[in-house]
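The data block below is my_file07.txt; it holds compact mmCIF, C-alpha atoms.
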```
# COMPACT_ATOMS: atom_id res chain seq x y z
CA MET C 1 17.76 23.16 -8.00
CA THR C 2 20.67 22.85 -5.60
CA THR C 3 20.39 23.93 -1.98
CA THR C 4 23.21 23.75 0.55
CA VAL C 5 23.32 23.95 4.29
CA VAL C 6 25.00 26.95 5.91
CA ASP C 7 28.77 26.72 5.62
CA GLU C 8 30.98 29.33 7.29
CA SER C 9 34.23 30.36 5.62
CA ALA C 10 36.37 30.07 8.75
CA PRO C 11 37.54 26.54 9.61
CA ALA C 12 36.80 24.88 12.91
CA VAL C 13 39.52 25.59 15.48
CA GLY C 14 40.25 23.50 18.58
CA LEU C 15 38.70 20.30 19.86
CA PHE C 16 35.21 21.79 20.06
CA GLY C 17 35.59 24.56 17.50
CA TRP C 18 33.22 22.70 15.19
CA TRP C 19 30.36 23.41 17.61
CA LYS C 20 30.64 27.15 16.86
CA GLU C 21 30.11 26.50 13.15
CA GLY C 22 26.54 25.39 13.73
CA THR C 23 23.58 27.74 13.83
CA LEU C 24 21.30 27.88 16.87
CA GLU C 25 18.77 25.71 15.03
CA GLY C 26 21.52 23.28 14.04
CA ARG C 27 22.66 22.92 17.64
CA ARG C 28 19.13 22.32 18.84
CA ALA C 29 18.62 19.74 16.11
CA LEU C 30 21.82 17.97 17.13
CA ILE C 31 20.83 17.97 20.81
CA ALA C 32 17.39 16.60 19.92
CA ALA C 33 18.72 13.83 17.70
CA SER C 34 21.44 12.96 20.23
CA LEU C 35 19.05 12.75 23.17
CA GLY C 36 16.63 10.72 21.09
CA TRP C 37 19.38 8.28 20.14
CA ALA C 38 20.68 8.04 23.72
CA LEU C 39 17.21 7.30 25.03
CA ASP C 40 16.75 4.81 22.18
CA ALA C 41 19.88 2.99 23.35
CA PHE C 42 18.70 3.15 26.94
CA ASP C 43 15.41 1.44 26.10
CA VAL C 44 16.67 -1.06 23.54
CA MET C 45 19.66 -2.32 25.52
CA LEU C 46 17.70 -2.98 28.72
CA PHE C 47 16.82 -6.35 27.19
CA SER C 48 20.44 -7.43 26.68
CA LEU C 49 21.36 -6.29 30.17
CA THR C 50 18.54 -8.24 31.79
CA LEU C 51 18.77 -11.23 29.45
CA ALA C 52 20.15 -13.71 31.98
CA SER C 53 17.30 -12.90 34.38
CA VAL C 54 14.68 -13.08 31.63
CA ILE C 55 16.02 -16.46 30.49
CA ALA C 56 15.81 -17.83 34.04
CA ASP C 57 12.38 -16.39 34.85
CA LEU C 58 10.60 -17.30 31.61
CA GLY C 59 12.51 -20.54 31.06
CA LEU C 60 13.92 -19.55 27.67
CA THR C 61 16.73 -21.21 25.73
CA LYS C 62 19.59 -19.14 24.29
CA ALA C 63 18.09 -19.64 20.83
CA GLN C 64 14.71 -18.31 21.97
CA ALA C 65 16.33 -15.34 23.69
CA GLY C 66 18.33 -14.68 20.53
CA ALA C 67 15.11 -14.85 18.51
CA LEU C 68 13.66 -12.06 20.67
CA GLY C 69 16.66 -9.93 19.79
CA SER C 70 16.21 -10.74 16.11
CA ILE C 71 12.53 -9.81 16.27
CA THR C 72 13.50 -6.42 17.70
CA LEU C 73 15.84 -5.82 14.76
CA LEU C 74 13.17 -6.81 12.25
CA GLY C 75 10.84 -4.32 13.91
CA GLY C 76 13.63 -1.77 13.72
CA ALA C 77 14.04 -2.41 10.01
CA ALA C 78 10.33 -1.84 9.43
CA GLY C 79 10.46 1.31 11.56
CA GLY C 80 13.41 2.70 9.65
CA LEU C 81 11.71 2.17 6.30
CA LEU C 82 8.42 3.62 7.53
CA PHE C 83 9.82 6.63 9.36
CA GLY C 84 12.32 7.45 6.65
CA HIS C 85 9.35 7.99 4.36
CA VAL C 86 7.45 9.85 7.09
CA ALA C 87 10.47 12.13 7.66
CA ASP C 88 10.75 12.97 3.94
CA ARG C 89 7.03 13.56 3.57
CA TYR C 90 5.93 15.15 6.86
CA GLY C 91 9.15 16.41 8.42
CA ARG C 92 12.17 15.25 10.43
CA THR C 93 10.97 16.45 13.84
CA ARG C 94 7.52 14.88 13.57
CA ALA C 95 9.04 11.54 12.70
CA LEU C 96 11.52 11.88 15.56
CA MET C 97 8.82 12.54 18.15
CA ALA C 98 6.59 9.71 16.96
CA SER C 99 9.42 7.18 17.07
CA VAL C 100 10.43 8.16 20.63
CA LEU C 101 6.84 7.78 21.85
CA ILE C 102 6.59 4.32 20.30
CA TYR C 103 9.78 2.86 21.73
CA SER C 104 9.08 4.35 25.17
CA ALA C 105 5.58 2.89 25.40
CA PHE C 106 6.53 -0.61 24.28
CA THR C 107 9.65 -0.77 26.43
CA ALA C 108 7.40 -0.35 29.45
CA ALA C 109 5.00 -2.93 28.00
CA CYS C 110 7.82 -5.52 27.99
CA GLY C 111 7.68 -5.45 31.78
CA PHE C 112 4.20 -6.99 31.65
CA SER C 113 5.25 -9.97 29.48
CA GLN C 114 4.29 -13.37 30.84
CA THR C 115 5.14 -15.52 27.81
CA LEU C 116 7.66 -15.65 24.99
CA TRP C 117 5.04 -14.53 22.47
CA GLN C 118 3.94 -11.51 24.48
CA PHE C 119 7.57 -10.46 24.79
CA ALA C 120 8.04 -10.97 21.05
CA VAL C 121 5.12 -8.68 20.14
CA PHE C 122 6.27 -5.90 22.45
CA ARG C 123 9.89 -6.15 21.27
CA ALA C 124 8.79 -5.98 17.64
CA LEU C 125 6.77 -2.81 18.29
CA LEU C 126 9.62 -1.33 20.35
CA GLY C 127 11.89 -1.98 17.36
CA LEU C 128 9.54 0.00 15.15
CA GLY C 129 10.32 3.13 17.16
CA MET C 130 14.01 2.29 17.45
CA GLY C 131 14.47 2.13 13.67
CA GLY C 132 12.46 5.28 13.13
CA GLU C 133 14.55 7.40 15.48
CA TRP C 134 17.82 6.87 13.63
CA ALA C 135 16.39 7.58 10.18
CA SER C 136 14.79 10.87 11.21
CA GLY C 137 17.60 11.97 13.53
CA ALA C 138 20.40 11.34 11.02
CA ALA C 139 18.61 13.35 8.33
CA LEU C 140 17.89 16.17 10.81
CA VAL C 141 21.57 16.51 11.78
CA SER C 142 22.93 16.02 8.24
CA GLU C 143 20.81 18.86 6.90
CA THR C 144 21.56 21.40 9.63
CA TRP C 145 25.38 21.20 9.77
CA PRO C 146 27.97 22.28 7.18
CA SER C 147 29.82 19.61 5.23
CA ARG C 148 33.21 20.46 6.76
CA VAL C 149 32.10 19.42 10.26
CA ARG C 150 29.22 17.10 9.41
CA GLY C 151 31.20 14.01 10.43
CA ARG C 152 31.89 15.47 13.87
CA ALA C 153 28.25 16.46 14.37
CA LEU C 154 27.06 12.99 13.43
CA GLY C 155 29.79 11.48 15.57
CA PHE C 156 28.45 13.48 18.51
CA MET C 157 24.95 12.20 17.78
CA GLN C 158 26.09 8.60 17.40
CA GLY C 159 28.20 8.86 20.55
CA SER C 160 25.06 9.45 22.55
CA TRP C 161 24.20 5.78 22.02
CA ALA C 162 27.09 4.85 24.29
CA ILE C 163 25.82 7.27 26.93
CA GLY C 164 22.35 5.75 26.78
CA PHE C 165 23.78 2.22 26.92
CA ALA C 166 25.91 3.12 29.95
CA ALA C 167 22.92 4.75 31.66
CA ALA C 168 20.94 1.56 31.07
CA ALA C 169 23.73 -0.51 32.65
CA ILE C 170 23.77 1.74 35.72
CA VAL C 171 19.98 1.58 36.07
CA VAL C 172 20.07 -2.21 35.76
CA SER C 173 22.76 -2.46 38.45
CA ILE C 174 20.50 -0.49 40.82
CA VAL C 175 16.99 -1.68 39.92
CA LEU C 176 17.46 -5.33 38.90
CA PRO C 177 18.83 -6.74 42.21
CA ARG C 178 16.17 -4.88 44.24
CA PHE C 179 13.01 -4.97 42.13
CA GLY C 180 13.58 -7.52 39.36
CA TRP C 181 13.78 -7.30 35.59
CA ARG C 182 10.18 -6.15 35.09
CA ALA C 183 10.77 -2.94 37.02
CA VAL C 184 13.78 -2.23 34.78
CA PHE C 185 11.51 -2.09 31.74
CA PHE C 186 9.00 0.15 33.48
CA VAL C 187 11.75 2.77 33.80
CA GLY C 188 11.93 2.76 30.00
CA VAL C 189 8.77 4.82 29.64
CA LEU C 190 10.53 8.00 30.82
CA PRO C 191 11.98 9.00 27.41
CA ALA C 192 8.46 9.85 26.25
CA LEU C 193 8.74 13.11 28.21
CA PHE C 194 11.56 14.21 25.89
CA THR C 195 9.14 14.76 23.00
CA VAL C 196 7.66 17.80 24.75
CA TRP C 197 11.02 19.61 24.47
CA VAL C 198 11.42 18.64 20.81
CA GLN C 199 7.99 19.96 19.91
CA ARG C 200 8.71 23.33 21.52
CA ASN C 201 12.32 23.91 20.48
CA VAL C 202 13.33 22.08 17.28
CA LYS C 203 12.42 23.33 13.79
CA GLU C 204 12.54 21.56 10.46
CA PRO C 205 15.82 21.97 8.50
CA GLU C 206 15.86 24.84 6.02
CA VAL C 207 16.97 22.53 3.21
CA TRP C 208 13.88 20.35 3.75
CA LEU C 209 11.58 23.38 3.92
CA SER C 210 13.13 24.77 0.72
CA ARG C 211 12.53 21.53 -1.13
CA ARG C 212 8.91 21.45 0.06
CA ALA C 213 8.41 25.03 -1.14
CA ALA C 214 10.04 24.24 -4.49
CA SER C 215 7.76 21.24 -4.98
CA GLY C 216 4.73 23.55 -5.05
CA ASP C 217 3.12 22.32 -1.83
CA THR C 218 1.23 24.87 0.26
CA ALA C 219 1.68 25.36 3.97
CA ALA C 220 -1.85 24.10 4.49
CA THR C 221 -0.99 20.63 3.30
CA GLY C 222 1.64 20.21 6.02
CA HIS C 223 3.73 17.83 3.96
CA ALA C 224 6.03 17.63 0.97
CA ARG C 225 5.52 15.79 -2.27
CA PRO C 226 6.14 12.05 -1.80
CA ALA C 227 9.73 10.96 -2.37
CA ARG C 228 10.48 8.78 -5.37
CA PHE C 229 11.51 5.55 -3.77
CA ALA C 230 12.74 4.11 -7.08
CA ASP C 231 15.36 6.88 -7.40
CA MET C 232 17.61 4.86 -5.10
CA PHE C 233 17.86 2.17 -7.77
CA ARG C 234 18.22 4.22 -10.93
CA GLY C 235 21.46 4.45 -12.90
CA ARG C 236 24.61 4.75 -10.80
CA MET C 237 22.53 4.68 -7.61
CA LEU C 238 21.73 0.96 -7.91
CA PRO C 239 25.26 -0.41 -7.26
CA LEU C 240 25.82 2.24 -4.59
CA THR C 241 22.61 1.38 -2.77
CA ALA C 242 23.42 -2.33 -2.97
CA ALA C 243 26.97 -1.87 -1.67
CA VAL C 244 26.02 0.49 1.18
CA THR C 245 23.19 -1.81 2.27
CA PHE C 246 25.39 -4.91 2.22
CA MET C 247 28.16 -3.13 4.13
CA ASN C 248 25.72 -2.01 6.78
CA ALA C 249 24.19 -5.49 7.05
CA CYS C 250 27.61 -6.99 7.79
CA ALA C 251 28.56 -4.25 10.25
CA LEU C 252 25.24 -4.52 12.09
CA PHE C 253 25.51 -8.31 12.21
CA GLY C 254 28.85 -7.94 13.96
CA TRP C 255 27.54 -5.18 16.25
CA TRP C 256 24.46 -7.07 17.43
CA GLY C 257 26.41 -10.28 17.71
CA LEU C 258 28.73 -8.42 20.08
CA ASN C 259 26.40 -6.15 22.04
CA GLY C 260 23.38 -8.42 22.07
CA TRP C 261 25.29 -11.20 23.82
CA VAL C 262 28.20 -9.70 25.77
CA PRO C 263 26.08 -9.03 28.89
CA ALA C 264 24.82 -12.62 28.85
CA TYR C 265 28.35 -13.91 28.22
CA LEU C 266 29.56 -12.05 31.30
CA SER C 267 26.65 -13.00 33.58
CA LEU C 268 25.54 -16.53 32.60
CA PRO C 269 26.87 -19.34 34.82
CA ARG C 270 30.01 -21.13 33.67
CA ALA C 271 27.94 -24.29 33.19
CA GLN C 272 26.04 -22.42 30.47
CA GLY C 273 29.16 -21.11 28.76
CA GLY C 274 29.33 -17.74 30.51
CA ILE C 275 31.77 -16.30 33.01
CA GLY C 276 29.36 -16.15 35.95
CA LEU C 277 29.86 -12.55 37.08
CA ASP C 278 27.26 -10.96 39.34
CA THR C 279 24.98 -8.18 38.06
CA THR C 280 27.01 -5.33 39.53
CA VAL C 281 30.35 -6.45 38.09
CA MET C 282 28.77 -7.22 34.73
CA SER C 283 27.12 -3.79 34.61
CA TRP C 284 30.35 -1.93 35.32
CA LEU C 285 32.26 -3.92 32.70
CA ILE C 286 29.57 -2.83 30.26
CA VAL C 287 29.92 0.79 31.41
CA ALA C 288 33.68 0.55 30.75
CA MET C 289 32.92 -0.68 27.24
CA GLN C 290 30.63 2.30 26.68
CA VAL C 291 33.51 4.65 27.49
CA GLY C 292 35.45 3.03 24.66
CA MET C 293 32.38 3.13 22.45
CA TRP C 294 31.86 6.85 23.06
CA PHE C 295 35.47 7.67 22.20
CA GLY C 296 35.16 5.49 19.09
CA TYR C 297 32.13 7.42 17.90
CA ILE C 298 33.57 10.85 18.61
CA THR C 299 37.06 10.29 17.22
CA PHE C 300 35.66 8.67 14.10
CA GLY C 301 33.85 11.88 13.24
CA TYR C 302 36.97 14.00 13.77
CA ILE C 303 39.22 11.69 11.77
CA THR C 304 36.86 11.29 8.81
CA ASP C 305 36.33 15.04 8.50
CA ARG C 306 40.08 15.35 8.00
CA VAL C 307 41.19 12.10 6.35
CA GLY C 308 38.03 10.91 4.60
CA ARG C 309 35.27 8.43 5.26
CA LYS C 310 36.48 5.38 3.39
CA ARG C 311 39.92 4.58 4.79
CA VAL C 312 38.88 5.15 8.39
CA TYR C 313 35.74 3.05 8.03
CA ILE C 314 37.78 0.13 6.67
CA ALA C 315 40.38 0.43 9.44
CA TYR C 316 37.75 0.32 12.20
CA LEU C 317 35.98 -2.69 10.69
CA VAL C 318 39.19 -4.67 10.27
CA MET C 319 40.29 -3.98 13.84
CA ALA C 320 36.86 -5.04 15.11
CA SER C 321 37.12 -8.31 13.19
CA ILE C 322 40.38 -9.07 15.05
CA LEU C 323 39.49 -7.88 18.56
CA LEU C 324 36.04 -9.43 18.95
CA PRO C 325 37.18 -13.08 18.69
CA LEU C 326 39.93 -12.28 21.22
CA TYR C 327 37.29 -10.98 23.62
CA GLY C 328 35.25 -14.17 23.21
CA ALA C 329 38.28 -16.28 24.08
CA THR C 330 39.02 -14.31 27.27
CA ARG C 331 37.57 -15.30 30.65
CA GLN C 332 39.59 -13.20 33.09
CA PRO C 333 37.58 -10.17 34.32
CA LEU C 334 40.63 -7.88 34.54
CA VAL C 335 41.64 -8.65 30.95
CA LEU C 336 38.05 -8.16 29.83
CA LEU C 337 38.02 -4.78 31.59
CA LEU C 338 41.05 -3.70 29.55
CA LEU C 339 40.04 -5.32 26.27
CA GLY C 340 36.35 -4.39 26.34
CA PRO C 341 36.76 -0.64 25.65
CA LEU C 342 39.01 -1.40 22.67
CA VAL C 343 36.49 -3.85 21.23
CA ALA C 344 33.73 -1.27 21.65
CA PHE C 345 35.91 1.54 20.24
CA PHE C 346 36.49 -0.21 16.90
CA GLY C 347 33.40 -2.42 16.87
CA THR C 348 30.96 0.48 17.11
CA GLY C 349 32.75 3.78 16.36
CA PHE C 350 32.39 3.47 12.59
CA PHE C 351 28.61 3.98 12.80
CA SER C 352 29.34 7.69 13.22
CA GLY C 353 30.18 7.76 9.54
CA PHE C 354 27.14 6.00 8.15
CA GLY C 355 24.84 9.01 8.40
CA ALA C 356 27.40 11.27 6.73
CA VAL C 357 28.14 8.83 3.90
CA THR C 358 24.50 8.25 3.05
CA ALA C 359 23.60 11.94 3.40
CA GLU C 360 26.38 12.78 0.94
CA ILE C 361 25.32 10.11 -1.55
CA TYR C 362 21.57 10.80 -1.76
CA PRO C 363 19.65 14.03 -2.62
CA THR C 364 17.30 15.80 -0.19
CA SER C 365 14.13 14.50 -1.84
CA ILE C 366 14.95 10.91 -0.86
CA ARG C 367 17.67 11.39 1.77
CA ALA C 368 15.81 10.15 4.84
CA THR C 369 14.07 7.44 2.82
CA ALA C 370 17.40 6.22 1.46
CA GLN C 371 19.09 6.41 4.85
CA GLY C 372 16.21 4.48 6.36
CA PHE C 373 16.34 1.90 3.57
CA THR C 374 20.08 1.25 3.50
CA TYR C 375 20.35 1.19 7.29
CA ASN C 376 17.29 -0.92 7.92
CA ILE C 377 17.39 -3.41 5.07
CA GLY C 378 20.87 -4.00 6.43
CA ARG C 379 19.22 -4.43 9.81
CA VAL C 380 16.88 -7.08 8.36
CA ALA C 381 19.90 -9.14 7.35
CA SER C 382 21.61 -8.48 10.67
CA ALA C 383 18.49 -9.66 12.51
CA ALA C 384 19.94 -13.13 12.14
CA ALA C 385 22.83 -12.13 14.43
CA PRO C 386 21.25 -12.54 17.90
CA PHE C 387 19.72 -15.90 16.95
CA THR C 388 22.86 -17.11 15.14
CA VAL C 389 25.26 -16.09 17.89
CA GLY C 390 22.97 -17.55 20.54
CA SER C 391 22.68 -20.84 18.67
CA VAL C 392 26.43 -21.11 18.01
CA ALA C 393 27.15 -20.21 21.64
CA THR C 394 24.89 -23.08 22.72
CA THR C 395 26.57 -25.68 20.52
CA ARG C 396 30.14 -24.41 20.13
CA GLY C 397 30.68 -21.83 22.88
CA PHE C 398 30.96 -18.06 22.94
CA SER C 399 34.50 -18.03 21.51
CA VAL C 400 33.29 -19.53 18.22
CA ALA C 401 30.12 -17.41 18.28
CA PHE C 402 32.12 -14.18 18.54
CA LEU C 403 34.44 -15.42 15.79
CA VAL C 404 31.39 -15.59 13.49
CA ALA C 405 30.47 -12.01 14.42
CA GLY C 406 34.07 -10.92 13.76
CA ALA C 407 33.95 -12.44 10.27
CA ALA C 408 30.92 -10.27 9.51
CA TYR C 409 32.94 -7.14 10.33
CA LEU C 410 35.60 -8.26 7.85
CA LEU C 411 33.02 -8.73 5.10
CA GLY C 412 31.78 -5.21 5.81
CA ALA C 413 35.29 -3.85 5.28
CA LEU C 414 35.61 -5.66 1.94
CA SER C 415 32.35 -4.16 0.64
CA TRP C 416 33.95 -0.69 0.65
CA VAL C 417 35.57 -1.59 -2.67
CA ALA C 418 32.31 -0.46 -4.31
CA ILE C 419 31.66 2.67 -2.19
CA PRO C 420 33.33 5.99 -3.14
CA GLU C 421 34.84 8.62 -0.88
CA THR C 422 32.21 11.27 -0.07
CA LYS C 423 34.11 13.66 2.22
CA GLY C 424 33.40 17.33 1.47
CA ARG C 425 30.28 16.87 -0.65
CA GLU C 426 27.60 19.52 -0.21
CA LEU C 427 24.00 18.36 0.20
CA THR C 428 21.90 18.76 -2.94
```
Taking this structure as input, can you express it in the form of structure tokens?
Amino acid sequence: MTTTVVDESAPAVGLFGWWKEGTLEGRRALIAASLGWALDAFDVMLFSLTLASVIADLGLTKAQAGALGSITLLGGAAGGLLFGHVADRYGRTRALMASVLIYSAFTAACGFSQTLWQFAVFRALLGLGMGGEWASGAALVSETWPSRVRGRALGFMQGSWAIGFAAAAIVVSIVLPRFGWRAVFFVGVLPALFTVWVQRNVKEPEVWLSRRAASGDTAATGHARPARFADMFRGRMLPLTAAVTFMNACALFGWWGLNGWVPAYLSLPRAQGGIGLDTTVMSWLIVAMQVGMWFGYITFGYITDRVGRKRVYIAYLVMASILLPLYGATRQPLVLLLLGPLVAFFGTGFFSGFGAVTAEIYPTSIRATAQGFTYNIGRVASAAAPFTVGSVATTRGFSVAFLVAGAAYLLGALSWVAIPETKGRELT
């Protein structure tokens, strides 16, 4: 049986014409997934933004601080795998709400950490919610928007990460100098309130409900037949799953190598390899990068809906592999202010396309599971990035460390040899 999302005959007109092509339920789903992802970014990136203070207060080395970042990504990988299955079995919105509650609670718990190991446990559990939000949110948006504008809808969702990251930087600039890094994490519990709105206003996608009905489940069971996990590895799916996962691992390695350490690079003293900027200047340089990141996310969706996913993805990854090492070799704040948005534009914008590509490759019965798997097994591999970049920065400096992260972007671009163009595919 083949089921498609609603697709209007008239094309999107104007910069925001695509918004009119969505149904009311589709728009609510997009708002829910976008807010969830923004709040995810807000909570997750508080650690990177307070890293210099945490290192000083708890007496951590760069390698230990990097290990905390890696632990978060491992938790995220587990969360993506778990909640992808939950979203396919019990529904996209339920998985979304549960993941938001988890990352909100354990972000606040980080503020109580007294030792490295306490911090590690809380960051791992925070990561569980972080990984779950993307898997459920990407499936929710993919299944409620027509194929012609799906890239733009997912670009809008992904762009909310930059907004959440920027909001975190602003909060840190206000709270950290006055109340310390622990108070910053306590603010991270606020996203839990968002789940009340989701519960009242966001419905499950029609394509998911249709599949559940077709499977013979009754409404009383409250869940669909379990997805067949092995379907991702059968026949032509095996090389596709392998290629998509490897590509994402490389891209995420580069992303976390960049975003996990840029705040520390800007704020650590020169004696420790940083630039030595104060918290306020560092925070506003990060905000400037988020402007570039947001435009990267949004424009990627527009371009891929017109040109195709593959060529644009490769172009962004190649540019990121060139610009990131240049950023690591720069120590002048004004140059960093100008270069930072470009690095963020190319080094993060391509993630807008990942949800669309995976949604268009995999069928509804395993879509969220497959998206969670390919994204989060990639995240397992990329979990080495914070530790690796931190270790290389300690021994060889940040310029060499960011060169390593740039090389990962280039490997991600090369992996597209094995991934087909998926633009225009209807969801089945």
Inset, instruction - Give the answer as one residue: which of C:Phe351, C:Phe179, C:Phe47, C:Trp19 has the shortest atom-to-atom distance to C:Ser160, using all atoms listed in the file? - result: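 Selected residue with least distance to C:Ser160: C:Phe351.
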Kindly assemble as a Markdown table a list of the stretch 23-138 of chain C residues that lie within 12 Å of stretch 251-255 of chain C, each paired with its nearest atom pair and their distance in Å to one decimal, using all atoms listed in the file, sorted first by chain and then by ascending residue number.
```
| residue | atom | partner | partner_atom | distance |
| --- | --- | --- | --- | --- |
| C:Gly69 | CA | C:Phe253 | CA | 11.8 |
| C:Ser70 | CA | C:Phe253 | CA | 10.4 |
| C:Leu73 | CA | C:Leu252 | CA | 9.9 |
| C:Ala77 | CA | C:Leu252 | CA | 11.6 |
```
Hey, could you make a per-residue contact list for stretch 142-220 of chain C against stretch 21-37 of chain C with 7 Å as the cut-off, showing the nearest pair of atoms and its distance in Å to one decimal, counting all atoms listed in the file, sorted by chain and number, as CSV?
```
residue,atom,partner,partner_atom,distance
C:Thr144,CA,C:Gly26,CA,4.8
C:Trp145,CA,C:Gly22,CA,5.9
C:Met157,CA,C:Ser34,CA,4.3
C:Gln158,CA,C:Ser34,CA,7.0
C:Ser160,CA,C:Ser34,CA,5.6
C:Trp161,CA,C:Trp37,CA,5.7
C:Val198,CA,C:Ala32,CA,6.4
C:Val202,CA,C:Ala29,CA,5.9
C:Lys203,CA,C:Glu25,CA,6.9
```
Legend entry - For stretch 363-373 of chain C: contacts at 9 Å, all atoms listed in the file, fewer than 4 positions along chain excluded, given as a count of residues only: 44
Legend entry - Exercise: C:Arg311 partners within 9 Å, only C-alpha atoms, chain neighbours under 4 positions left out, as a list in words: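 Listed by chain and then number, they are Thr304, Val307, Ala315, Tyr316, Trp416 and Glu421 of chain C.
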